[in-house]
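To be precise, the following lines are final.txt, and they hold compact mmCIF, C-alpha atoms and all ligand atoms.
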```txt
# COMPACT_ATOMS: atom_id res chain seq x y z
CA MET Q 6 0.00 0.00 0.00
CA GLY Q 7 2.76 2.45 1.03
CA LYS Q 8 4.10 2.55 -2.51
CA MET Q 9 0.75 3.63 -3.93
CA GLU Q 10 0.44 6.60 -1.62
CA ILE Q 11 3.17 8.62 -3.37
CA PRO Q 12 1.76 11.55 -5.39
CA MET Q 13 1.11 10.51 -8.97
CA GLN Q 14 1.02 12.48 -12.18
CA PHE Q 15 -1.88 11.74 -14.53
CA GLU Q 16 -0.08 9.20 -16.74
CA THR Q 17 1.05 7.25 -13.67
CA ALA Q 18 -2.43 7.38 -12.12
CA CYS Q 19 -3.86 5.86 -15.33
CA ILE Q 20 -1.78 2.76 -14.69
CA HIS Q 21 -1.73 2.56 -10.89
CA ALA Q 22 -4.59 4.47 -9.23
CA GLY Q 23 -6.96 2.07 -7.46
CA GLN Q 24 -4.97 -0.91 -8.64
CA THR Q 25 -2.71 -2.61 -6.12
CA PRO Q 26 -1.69 -6.25 -6.65
CA ASP Q 27 -4.45 -8.64 -5.56
CA PRO Q 28 -3.95 -9.32 -1.81
CA THR Q 29 -4.95 -13.00 -1.99
CA THR Q 30 -2.88 -14.16 -4.99
CA GLY Q 31 -0.49 -11.33 -5.80
CA ALA Q 32 -2.00 -11.01 -9.31
CA VAL Q 33 -0.57 -7.77 -10.71
CA MET Q 34 -3.62 -7.08 -12.89
CA THR Q 35 -6.92 -6.57 -11.07
CA PRO Q 36 -8.73 -9.95 -11.24
CA ILE Q 37 -12.19 -10.23 -12.78
CA TYR Q 38 -14.23 -11.20 -9.70
CA GLN Q 39 -16.94 -13.03 -11.62
CA THR Q 40 -19.21 -13.69 -8.66
CA ALA Q 41 -22.75 -12.68 -7.71
CA THR Q 42 -22.33 -13.16 -3.96
CA TYR Q 43 -19.77 -13.55 -1.15
CA VAL Q 44 -19.47 -15.93 1.79
CA GLN Q 45 -20.26 -14.50 5.22
CA ASP Q 46 -18.19 -15.65 8.21
CA GLY Q 47 -21.28 -15.38 10.42
CA VAL Q 48 -24.71 -13.81 9.98
CA GLY Q 49 -24.09 -10.22 8.96
CA ARG Q 50 -20.28 -10.69 9.26
CA HIS Q 51 -18.86 -10.25 5.75
CA ARG Q 52 -15.46 -9.19 4.43
CA GLY Q 53 -16.55 -5.93 2.82
CA TYR Q 54 -18.64 -7.46 0.06
CA GLU Q 55 -22.13 -8.96 0.48
CA TYR Q 56 -23.79 -9.06 -2.93
CA GLY Q 57 -22.58 -8.29 -6.46
CA ARG Q 58 -25.00 -5.45 -7.19
CA THR Q 59 -23.88 -3.65 -4.03
CA GLY Q 60 -20.17 -4.13 -4.60
CA ASN Q 61 -17.53 -6.03 -6.56
CA PRO Q 62 -13.74 -5.70 -6.12
CA THR Q 63 -13.13 -5.23 -9.88
CA ARG Q 64 -15.69 -2.41 -9.84
CA THR Q 65 -14.14 -0.95 -6.67
CA ALA Q 66 -10.78 -0.72 -8.47
CA LEU Q 67 -12.39 0.98 -11.49
CA GLU Q 68 -14.28 3.44 -9.27
CA ALA Q 69 -11.08 4.37 -7.40
CA SER Q 70 -9.28 4.83 -10.71
CA LEU Q 71 -12.04 7.09 -12.07
CA ALA Q 72 -12.05 9.21 -8.90
CA ALA Q 73 -8.26 9.68 -9.06
CA LEU Q 74 -8.24 10.62 -12.76
CA GLU Q 75 -10.95 13.26 -12.34
CA SER Q 76 -9.42 14.60 -9.06
CA GLY Q 77 -12.62 13.59 -7.25
CA GLN Q 78 -13.37 12.15 -3.83
CA PHE Q 79 -15.50 9.32 -5.20
CA GLY Q 80 -16.23 7.47 -8.43
CA LEU Q 81 -19.21 5.29 -9.31
CA ALA Q 82 -19.41 2.98 -12.31
CA TYR Q 83 -22.56 2.21 -14.33
CA ALA Q 84 -23.81 -0.11 -17.04
CA SER Q 85 -23.81 2.73 -19.59
CA GLY Q 86 -23.31 6.45 -19.91
CA MET Q 87 -27.09 6.85 -20.01
CA ALA Q 88 -27.46 4.89 -16.74
CA ALA Q 89 -24.95 7.29 -15.14
CA ILE Q 90 -26.82 10.35 -16.46
CA ASP Q 91 -30.16 8.95 -15.28
CA SER Q 92 -28.70 8.42 -11.78
CA VAL Q 93 -27.48 12.02 -11.59
CA LEU Q 94 -30.98 13.20 -12.53
CA HIS Q 95 -32.36 11.33 -9.50
CA LEU Q 96 -30.81 14.16 -7.46
CA VAL Q 97 -33.45 16.48 -8.98
CA ALA Q 98 -36.94 16.37 -7.44
CA PRO Q 99 -40.21 16.65 -9.38
CA GLY Q 100 -41.02 20.35 -9.76
CA GLU Q 101 -37.35 21.34 -10.01
CA HIS Q 102 -35.70 22.70 -13.14
CA VAL Q 103 -32.60 21.63 -15.06
CA LEU Q 104 -30.93 24.11 -17.40
CA ALA Q 105 -29.00 22.26 -20.11
CA GLY Q 106 -26.84 23.16 -23.08
CA ASN Q 107 -28.71 23.22 -26.39
CA ASP Q 108 -26.09 21.01 -28.03
CA VAL Q 109 -26.10 17.84 -25.94
CA TYR Q 110 -25.93 14.19 -26.98
CA GLY Q 111 -29.25 13.14 -28.55
CA GLY Q 112 -29.74 10.35 -26.01
CA THR Q 113 -29.38 12.83 -23.13
CA TYR Q 114 -32.06 15.03 -24.68
CA ARG Q 115 -34.32 11.98 -25.20
CA LEU Q 116 -33.89 10.92 -21.54
CA PHE Q 117 -34.65 14.44 -20.30
CA GLU Q 118 -37.67 15.06 -22.52
CA ARG Q 119 -39.30 11.67 -23.07
CA VAL Q 120 -38.47 9.82 -19.85
CA LEU Q 121 -37.94 12.36 -17.07
CA ARG Q 122 -40.24 15.25 -18.04
CA PRO Q 123 -43.33 13.02 -17.65
CA TYR Q 124 -42.18 12.44 -14.03
CA GLY Q 125 -42.40 16.16 -13.31
CA LEU Q 126 -38.83 17.35 -13.89
CA ASP Q 127 -38.57 20.52 -15.94
CA PHE Q 128 -35.90 21.15 -18.57
CA SER Q 129 -34.91 24.07 -20.75
CA TYR Q 130 -32.00 24.51 -23.14
CA VAL Q 131 -29.67 27.42 -23.87
CA ASP Q 132 -26.46 28.09 -25.71
CA THR Q 133 -24.08 27.70 -22.76
CA THR Q 134 -21.34 29.52 -24.67
CA ASP Q 135 -23.42 32.69 -24.13
CA LEU Q 136 -23.23 33.61 -20.42
CA GLU Q 137 -26.03 36.20 -20.66
CA GLN Q 138 -28.41 33.56 -22.05
CA VAL Q 139 -27.52 31.24 -19.17
CA ILE Q 140 -28.11 33.92 -16.52
CA SER Q 141 -31.47 34.94 -17.94
CA ALA Q 142 -32.64 31.31 -18.27
CA LEU Q 143 -32.13 30.54 -14.56
CA ARG Q 144 -35.33 30.11 -12.56
CA PRO Q 145 -35.95 30.16 -8.80
CA ASN Q 146 -36.32 26.36 -8.92
CA THR Q 147 -33.22 25.68 -11.04
CA ARG Q 148 -31.41 22.83 -9.30
CA MET Q 149 -28.91 21.73 -11.94
CA LEU Q 150 -26.85 23.14 -14.79
CA TRP Q 151 -26.02 20.45 -17.37
CA ILE Q 152 -23.04 21.09 -19.64
CA GLU Q 153 -21.25 19.16 -22.35
CA SER Q 154 -17.91 20.71 -23.23
CA PRO Q 155 -16.80 20.16 -25.91
CA SER Q 156 -20.34 19.38 -26.98
CA ASN Q 157 -21.62 16.58 -29.17
CA PRO Q 158 -21.66 17.09 -32.15
CA LEU Q 159 -20.78 20.79 -32.65
CA LEU Q 160 -17.70 20.82 -30.40
CA ARG Q 161 -18.86 23.99 -28.66
CA VAL Q 162 -16.71 24.95 -25.69
CA THR Q 163 -18.35 26.24 -22.51
CA ASP Q 164 -16.51 28.29 -19.90
CA ILE Q 165 -16.79 25.86 -16.96
CA PRO Q 166 -15.54 28.23 -14.18
CA ALA Q 167 -18.01 30.88 -15.40
CA MET Q 168 -20.90 28.36 -15.29
CA VAL Q 169 -19.89 27.42 -11.75
CA ARG Q 170 -19.87 31.08 -10.64
CA ILE Q 171 -23.27 31.72 -12.24
CA ALA Q 172 -24.91 28.58 -10.79
CA HIS Q 173 -23.48 28.90 -7.28
CA ASN Q 174 -24.33 32.62 -7.10
CA HIS Q 175 -27.86 31.70 -8.08
CA SER Q 176 -28.21 29.08 -5.34
CA LYS Q 177 -25.71 27.38 -3.04
CA SER Q 178 -27.51 24.08 -3.53
CA SER Q 179 -27.47 24.10 -7.33
CA LEU Q 180 -25.26 21.49 -8.96
CA VAL Q 181 -23.06 22.00 -12.01
CA VAL Q 182 -22.67 18.74 -13.92
CA VAL Q 183 -20.24 18.34 -16.80
CA ASP Q 184 -20.41 15.49 -19.31
CA ASN Q 185 -16.66 15.13 -19.86
CA THR Q 186 -16.91 12.26 -22.36
CA PHE Q 187 -15.39 14.15 -25.32
CA ALA Q 188 -12.50 15.73 -23.41
CA THR Q 189 -11.62 12.95 -20.91
CA PRO Q 190 -9.84 13.88 -17.66
CA TYR Q 191 -6.53 13.92 -19.52
CA LEU Q 192 -7.58 17.04 -21.43
CA GLN Q 193 -9.88 18.72 -18.90
CA ARG Q 194 -10.78 18.22 -15.23
CA PRO Q 195 -14.12 19.94 -14.52
CA LEU Q 196 -14.07 19.23 -10.76
CA ALA Q 197 -10.80 21.13 -10.46
CA LEU Q 198 -12.53 23.99 -12.34
CA GLY Q 199 -15.29 24.05 -9.69
CA ALA Q 200 -17.96 21.71 -11.13
CA ASP Q 201 -19.85 19.51 -8.67
CA LEU Q 202 -20.13 16.33 -10.71
CA VAL Q 203 -18.60 14.82 -13.84
CA VAL Q 204 -20.27 12.13 -15.92
CA HIS Q 205 -18.79 9.91 -18.61
CA SER Q 206 -19.79 7.47 -21.21
CA THR Q 207 -16.80 5.18 -20.50
CA THR Q 208 -17.86 3.40 -23.70
CA LYS Q 209 -15.83 6.10 -25.45
CA TYR Q 210 -12.25 7.27 -24.74
CA LEU Q 211 -11.89 5.79 -21.25
CA GLY Q 212 -12.64 2.27 -22.51
CA GLY Q 213 -10.97 3.29 -25.74
CA HIS Q 214 -11.44 0.14 -27.83
CA SER Q 215 -15.16 0.07 -28.74
CA ASP Q 216 -15.60 -3.20 -26.85
CA ILE Q 217 -17.67 -2.22 -23.81
CA ILE Q 218 -20.67 -0.07 -22.89
CA GLY Q 219 -20.19 1.75 -19.58
CA GLY Q 220 -20.70 4.95 -17.64
CA ALA Q 221 -19.33 6.82 -14.64
CA ILE Q 222 -20.05 9.59 -12.18
CA VAL Q 223 -17.26 11.32 -10.26
CA GLY Q 224 -17.75 13.95 -7.58
CA LYS Q 225 -16.37 15.44 -4.38
CA ASP Q 226 -19.21 15.99 -1.90
CA THR Q 227 -19.73 13.24 0.71
CA SER Q 228 -23.49 13.65 1.02
CA VAL Q 229 -23.97 13.56 -2.77
CA HIS Q 230 -21.77 10.44 -2.80
CA GLU Q 231 -24.01 8.80 -0.20
CA GLN Q 232 -27.15 9.57 -2.21
CA LEU Q 233 -25.65 8.33 -5.47
CA ALA Q 234 -24.15 5.17 -3.94
CA TYR Q 235 -27.53 4.40 -2.38
CA LEU Q 236 -29.20 4.88 -5.78
CA GLN Q 237 -26.56 2.81 -7.57
CA ASN Q 238 -27.43 -0.16 -5.35
CA ALA Q 239 -31.16 0.52 -5.20
CA VAL Q 240 -31.59 0.99 -8.96
CA GLY Q 241 -28.96 -1.56 -9.96
CA ALA Q 242 -27.66 -0.21 -13.28
CA ILE Q 243 -24.18 -1.52 -12.54
CA PRO Q 244 -21.49 -2.81 -14.93
CA GLY Q 245 -20.37 -6.44 -14.80
CA PRO Q 246 -16.84 -7.28 -13.60
CA MET Q 247 -15.58 -8.16 -17.09
CA ASP Q 248 -16.59 -4.72 -18.39
CA CYS Q 249 -14.94 -3.07 -15.36
CA PHE Q 250 -11.74 -4.97 -16.13
CA LEU Q 251 -11.80 -3.93 -19.80
CA THR Q 252 -12.41 -0.30 -18.83
CA LEU Q 253 -9.48 -0.42 -16.41
CA ARG Q 254 -7.31 -1.89 -19.15
CA GLY Q 255 -8.37 0.86 -21.54
CA ILE Q 256 -7.65 3.57 -18.97
CA LYS Q 257 -4.02 2.45 -18.68
CA THR Q 258 -3.27 3.84 -22.16
CA LEU Q 259 -5.60 6.86 -21.99
CA ALA Q 260 -2.88 9.53 -21.97
CA VAL Q 261 -0.89 8.12 -24.90
CA ARG Q 262 -4.03 7.42 -26.93
CA MET Q 263 -5.40 10.92 -26.36
CA ASP Q 264 -2.13 12.50 -27.50
CA ARG Q 265 -2.30 10.56 -30.78
CA HIS Q 266 -6.06 11.15 -31.22
CA ALA Q 267 -5.47 14.90 -30.87
CA GLU Q 268 -2.41 14.95 -33.13
CA ASN Q 269 -4.35 13.13 -35.88
CA ALA Q 270 -7.55 15.15 -35.38
CA ALA Q 271 -5.64 18.46 -35.67
CA LYS Q 272 -4.21 17.27 -39.01
CA VAL Q 273 -7.66 16.18 -40.19
CA ALA Q 274 -9.16 19.55 -39.17
CA ASP Q 275 -6.42 21.43 -41.08
CA TYR Q 276 -6.89 19.22 -44.12
CA LEU Q 277 -10.67 19.64 -44.18
CA ALA Q 278 -10.50 23.40 -43.58
CA ALA Q 279 -8.34 23.77 -46.70
CA HIS Q 280 -10.50 21.47 -48.87
CA PRO Q 281 -12.56 23.30 -51.51
CA LYS Q 282 -15.65 21.11 -50.94
CA VAL Q 283 -15.79 21.78 -47.18
CA ASN Q 284 -18.00 24.53 -45.86
CA GLN Q 285 -17.12 24.65 -42.15
CA VAL Q 286 -14.92 22.69 -39.76
CA TYR Q 287 -15.64 22.33 -36.04
CA TYR Q 288 -12.55 21.55 -33.93
CA PRO Q 289 -11.83 23.24 -30.57
CA PHE Q 290 -8.14 23.98 -31.27
CA HIS Q 291 -8.63 25.06 -34.90
CA ALA Q 292 -8.03 28.78 -35.55
CA SER Q 293 -11.55 29.08 -37.04
CA HIS Q 294 -13.25 27.87 -33.83
CA PRO Q 295 -15.11 30.74 -32.12
CA GLN Q 296 -13.90 29.68 -28.65
CA VAL Q 297 -10.37 28.65 -29.59
CA GLU Q 298 -8.83 30.85 -26.85
CA LEU Q 299 -11.10 29.43 -24.16
CA ALA Q 300 -10.47 25.90 -25.44
CA ARG Q 301 -6.72 26.46 -25.17
CA GLN Q 302 -7.09 27.68 -21.56
CA GLN Q 303 -9.42 24.92 -20.46
CA MET Q 304 -8.12 21.90 -22.35
CA ARG Q 305 -4.71 20.32 -22.85
CA SER Q 306 -5.43 19.60 -26.54
CA GLY Q 307 -8.33 19.74 -28.98
CA GLY Q 308 -9.16 16.03 -28.56
CA GLY Q 309 -10.09 13.50 -31.22
CA MET Q 310 -13.49 14.68 -32.49
CA VAL Q 311 -13.93 16.74 -35.65
CA SER Q 312 -17.21 17.73 -37.31
CA PHE Q 313 -17.68 19.44 -40.67
CA THR Q 314 -20.25 20.49 -43.24
CA LEU Q 315 -19.97 20.31 -47.02
CA LYS Q 316 -20.87 22.92 -49.62
CA GLY Q 317 -22.83 20.20 -51.48
CA GLY Q 318 -25.31 19.82 -48.59
CA ALA Q 319 -26.84 16.78 -46.93
CA ALA Q 320 -26.81 14.50 -50.00
CA GLU Q 321 -23.09 15.02 -50.45
CA SER Q 322 -22.42 14.53 -46.72
CA ILE Q 323 -24.16 11.17 -46.85
CA ARG Q 324 -22.16 10.16 -49.94
CA VAL Q 325 -18.88 11.04 -48.22
CA ALA Q 326 -19.88 9.10 -45.09
CA GLU Q 327 -20.69 6.10 -47.29
CA SER Q 328 -17.46 6.37 -49.33
CA THR Q 329 -14.71 6.16 -46.70
CA ARG Q 330 -12.76 2.91 -46.44
CA LEU Q 331 -10.76 3.34 -43.23
CA PHE Q 332 -13.24 5.56 -41.39
CA THR Q 333 -15.99 3.05 -40.51
CA LEU Q 334 -19.56 4.25 -40.90
CA ALA Q 335 -20.85 3.69 -37.35
CA GLU Q 336 -22.25 5.40 -34.26
CA SER Q 337 -20.10 5.86 -31.13
CA LEU Q 338 -16.66 7.44 -30.79
CA GLY Q 339 -13.46 7.37 -28.80
CA GLY Q 340 -12.11 4.00 -29.92
CA VAL Q 341 -8.65 3.48 -31.43
CA GLU Q 342 -10.29 3.07 -34.86
CA SER Q 343 -11.62 6.00 -36.90
CA LEU Q 344 -15.38 6.33 -37.32
CA ILE Q 345 -17.58 8.55 -39.48
CA GLU Q 346 -21.29 9.32 -39.11
CA VAL Q 347 -24.05 11.78 -39.98
CA PRO Q 348 -25.49 12.85 -36.57
CA ALA Q 349 -28.89 14.08 -37.84
CA ALA Q 350 -29.65 10.62 -39.22
CA MET Q 351 -27.75 8.54 -36.66
CA THR Q 352 -26.62 9.54 -33.12
CA HIS Q 353 -28.87 12.61 -32.87
CA ALA Q 354 -31.96 11.34 -34.70
CA SER Q 355 -33.97 11.76 -31.46
CA THR Q 356 -33.50 15.56 -31.62
CA ALA Q 357 -35.27 15.78 -35.01
CA ASP Q 358 -37.99 18.47 -35.10
CA SER Q 359 -36.79 19.85 -31.74
CA PRO Q 360 -34.92 23.09 -31.00
CA LEU Q 361 -31.81 20.92 -30.67
CA ALA Q 362 -32.08 19.45 -34.18
CA VAL Q 363 -28.73 19.02 -35.91
CA SER Q 364 -28.18 20.22 -39.46
CA PRO Q 365 -28.57 17.24 -41.86
CA ASP Q 366 -25.34 18.09 -43.70
CA LEU Q 367 -23.15 17.78 -40.59
CA VAL Q 368 -20.60 14.94 -40.66
CA ARG Q 369 -18.91 13.84 -37.41
CA LEU Q 370 -15.55 12.09 -37.28
CA SER Q 371 -14.06 10.20 -34.38
CA VAL Q 372 -10.44 10.36 -35.45
CA GLY Q 373 -8.58 7.22 -34.40
CA ILE Q 374 -4.91 6.54 -33.76
CA GLU Q 375 -4.07 5.09 -37.18
CA ASN Q 376 -1.38 6.63 -39.40
CA ALA Q 377 -2.45 10.23 -40.09
CA GLY Q 378 -1.38 10.02 -43.77
CA ASP Q 379 -3.63 7.00 -44.30
CA LEU Q 380 -6.57 8.85 -42.72
CA LEU Q 381 -6.07 11.95 -44.90
CA GLU Q 382 -5.76 9.72 -47.97
CA ASP Q 383 -9.07 8.06 -47.09
CA LEU Q 384 -10.86 11.38 -46.61
CA SER Q 385 -9.37 12.65 -49.86
CA GLN Q 386 -10.66 9.65 -51.87
CA ALA Q 387 -14.08 9.83 -50.15
CA LEU Q 388 -14.46 13.55 -50.96
CA ALA Q 389 -13.32 12.93 -54.54
CA SER Q 390 -15.55 9.91 -55.13
CA ALA Q 391 -18.57 11.68 -53.61
CA GLN Q 392 -17.97 14.42 -56.16
CA LYS Q 393 -18.28 11.98 -59.08
CA HIS Q 394 -21.77 10.63 -58.24
C1 LIG F 1 -21.38 12.94 -24.79
C2 LIG F 1 -22.09 11.64 -24.51
N1 LIG F 1 -22.65 11.44 -23.31
C3 LIG F 1 -23.31 10.30 -23.02
C4 LIG F 1 -23.45 9.29 -23.96
C5 LIG F 1 -24.22 8.04 -23.61
O1 LIG F 1 -23.34 6.99 -23.31
P1 LIG F 1 -23.68 5.43 -23.53
O2 LIG F 1 -23.88 5.22 -24.98
O3 LIG F 1 -22.46 4.75 -22.95
O4 LIG F 1 -24.91 5.13 -22.75
C6 LIG F 1 -22.88 9.46 -25.22
C7 LIG F 1 -23.02 8.39 -26.24
O5 LIG F 1 -22.77 8.57 -27.39
C8 LIG F 1 -22.18 10.67 -25.50
O6 LIG F 1 -21.63 10.88 -26.71
```

Using structure tokens, write down the structure from this file.
Amino acid sequence: MGKMEIPMQFETACIHAGQTPDPTTGAVMTPIYQTATYVQDGVGRHRGYEYGRTGNPTRTALEASLAALESGQFGLAYASGMAAIDSVLHLVAPGEHVLAGNDVYGGTYRLFERVLRPYGLDFSYVDTTDLEQVISALRPNTRMLWIESPSNPLLRVTDIPAMVRIAHNHSKSSLVVVDNTFATPYLQRPLALGADLVVHSTTKYLGGHSDIIGGAIVGKDTSVHEQLAYLQNAVGAIPGPMDCFLTLRGIKTLAVRMDRHAENAAKVADYLAAHPKVNQVYYPFHASHPQVELARQQMRSGGGMVSFTLKGGAAESIRVAESTRLFTLAESLGGVESLIEVPAAMTHASTADSPLAVSPDLVRLSVGIENAGDLLEDLSQALASAQKH
């Protein structure tokens, strides 16, 4: 144990935080405790674990790792990003209001509007890059401010410390929640910037290999931890031990993967911005991004996500998305492999006909860690072949 208590930089924490050799066997990698229940030495006398929904040592290691990476006091792991988001929303009572960014993941919007609104929670949406809009949208019953930064799919960057000041001035009990899925804690740590809670779809960069579905909540307040841990057990949307193991394995390479994702994505953004068929590129560290200065202050790099529109409109965007050979046409993001999609028809279809609807000509890329030249070559041939149709 002593060895693990030395202060760790982020890259070291990715590999070691929460993960000491297994005390019973000495296994260096955290074992997959594939068990539903645990023996009790006497009635009510257990060794820290009673039942697999309540706790599992592989999950405990993942939760400690997540807490360390986000500079939090606690981490909780879930069966999916949506399960984590749903749990956070249990902190809001019927009759209370949640103010959310108007560029959030389509599934988040669907959960808020179609599942939680009928239970009496109130939601409204603003452009969180405009502080005046945020201030004037607050209501006396606003309990939570929900931010994605960078956002999905427009890569908008929200000033997290400013949101925290606005929300906490409004009410001491209001919670600022940041979905940090796109940035990851390697690029941006919202809790250190004053946010109350961070959520993740660990399906994405934390897992990193498109082989698990998972979610996480990280926070710092003990009473919020108690409420969320109670809910985690009571509701039961927990990940299995195998998925916890795979997420831990993915996390070990998070820092090196993110560096390569960002290096490749910056090259892709530059390439697209100079292409005559491209209308607009969305990438937080690109000179054309309206919040490039803020992005550079708040994030270590621009990350791996790039969106763009084409001068030829939606039909051409669809042709490009169907013409790539290395970029796989698929939903999701954050894996080592490059993906391409059209959000309006795929990941964000549930925002259709809503104020959050995404332009049908927007193409979103999850830039992987392949050779950058190969990726540019693939985009070049896809843009050229789309032209010929
Ligand atoms: C920003 C963001 N948050 C949350 C989610 C939901 O996560 P999951 O698919 O793991 O439930 C996604 C999924 O795409 C996402 O992109």

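The space separating atom CA of Val229 of chain Q from atom CA of Ser129 of chain Q comes to 23.5 Å.
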
In Å, rounded to a single decimal, give me how far atom CA of Glu346 of chain Q is from atom CA of Ala326 of chain Q. 6.1 Å

List as a PDB file with C-alpha atoms, in the frame of the given file the protein and nucleic acid residues lying within 10 Å of ligand LIG 1 (chain F), with only C-alpha atoms and all ligand atoms counted.
```pdb
ATOM      1  CA  TYR Q  83     -22.560   2.210 -14.330  1.00  0.00           C
ATOM      2  CA  ALA Q  84     -23.810  -0.110 -17.040  1.00  0.00           C
ATOM      3  CA  SER Q  85     -23.810   2.730 -19.590  1.00  0.00           C
ATOM      4  CA  GLY Q  86     -23.310   6.450 -19.910  1.00  0.00           C
ATOM      5  CA  MET Q  87     -27.090   6.850 -20.010  1.00  0.00           C
ATOM      6  CA  ALA Q  88     -27.460   4.890 -16.740  1.00  0.00           C
ATOM      7  CA  ALA Q  89     -24.950   7.290 -15.140  1.00  0.00           C
ATOM      8  CA  ILE Q  90     -26.820  10.350 -16.460  1.00  0.00           C
ATOM      9  CA  ASP Q  91     -30.160   8.950 -15.280  1.00  0.00           C
ATOM     10  CA  ASP Q 108     -26.090  21.010 -28.030  1.00  0.00           C
ATOM     11  CA  VAL Q 109     -26.100  17.840 -25.940  1.00  0.00           C
ATOM     12  CA  TYR Q 110     -25.930  14.190 -26.980  1.00  0.00           C
ATOM     13  CA  GLY Q 111     -29.250  13.140 -28.550  1.00  0.00           C
ATOM     14  CA  GLY Q 112     -29.740  10.350 -26.010  1.00  0.00           C
ATOM     15  CA  THR Q 113     -29.380  12.830 -23.130  1.00  0.00           C
ATOM     16  CA  ILE Q 152     -23.040  21.090 -19.640  1.00  0.00           C
ATOM     17  CA  GLU Q 153     -21.250  19.160 -22.350  1.00  0.00           C
ATOM     18  CA  SER Q 154     -17.910  20.710 -23.230  1.00  0.00           C
ATOM     19  CA  PRO Q 155     -16.800  20.160 -25.910  1.00  0.00           C
ATOM     20  CA  SER Q 156     -20.340  19.380 -26.980  1.00  0.00           C
ATOM     21  CA  ASN Q 157     -21.620  16.580 -29.170  1.00  0.00           C
ATOM     22  CA  PRO Q 158     -21.660  17.090 -32.150  1.00  0.00           C
ATOM     23  CA  VAL Q 183     -20.240  18.340 -16.800  1.00  0.00           C
ATOM     24  CA  ASP Q 184     -20.410  15.490 -19.310  1.00  0.00           C
ATOM     25  CA  ASN Q 185     -16.660  15.130 -19.860  1.00  0.00           C
ATOM     26  CA  THR Q 186     -16.910  12.260 -22.360  1.00  0.00           C
ATOM     27  CA  PHE Q 187     -15.390  14.150 -25.320  1.00  0.00           C
ATOM     28  CA  ALA Q 188     -12.500  15.730 -23.410  1.00  0.00           C
ATOM     29  CA  VAL Q 204     -20.270  12.130 -15.920  1.00  0.00           C
ATOM     30  CA  HIS Q 205     -18.790   9.910 -18.610  1.00  0.00           C
ATOM     31  CA  SER Q 206     -19.790   7.470 -21.210  1.00  0.00           C
ATOM     32  CA  THR Q 207     -16.800   5.180 -20.500  1.00  0.00           C
ATOM     33  CA  THR Q 208     -17.860   3.400 -23.700  1.00  0.00           C
ATOM     34  CA  LYS Q 209     -15.830   6.100 -25.450  1.00  0.00           C
ATOM     35  CA  ILE Q 217     -17.670  -2.220 -23.810  1.00  0.00           C
ATOM     36  CA  ILE Q 218     -20.670  -0.070 -22.890  1.00  0.00           C
ATOM     37  CA  GLY Q 219     -20.190   1.750 -19.580  1.00  0.00           C
ATOM     38  CA  GLY Q 220     -20.700   4.950 -17.640  1.00  0.00           C
ATOM     39  CA  ALA Q 221     -19.330   6.820 -14.640  1.00  0.00           C
ATOM     40  CA  GLU Q 336     -22.250   5.400 -34.260  1.00  0.00           C
ATOM     41  CA  SER Q 337     -20.100   5.860 -31.130  1.00  0.00           C
ATOM     42  CA  LEU Q 338     -16.660   7.440 -30.790  1.00  0.00           C
ATOM     43  CA  GLY Q 339     -13.460   7.370 -28.800  1.00  0.00           C
ATOM     44  CA  THR Q 352     -26.620   9.540 -33.120  1.00  0.00           C
ATOM     45  CA  HIS Q 353     -28.870  12.610 -32.870  1.00  0.00           C
TER      46      HIS Q 353
END
```

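Shortest separation to Gln39 of chain Q among Q:His230, Q:Lys282, Q:Lys272, Q:Arg58 occurs at residue Q:Arg58, atoms counted being all atoms listed in the file.
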
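In this comparison, which uses all atoms listed in the file, the residue of Q:Leu251, Q:Ala292, Q:Val368, Q:Val93 approaching Leu315 of chain Q most closely is Q:Val368.
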
Within 12 Å of (-23.5, -5.0, -3.6) (file coordinates; only C-alpha atoms), which protein or nucleic acid residues are there? I'd like them as a ChimeraX atom specification. /Q:40-43,51,53-62,64-65,234-245

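If you look at atom CA of Ile20 of chain Q and atom CA of Leu192 of chain Q, they are 16.8 Å away from each other.
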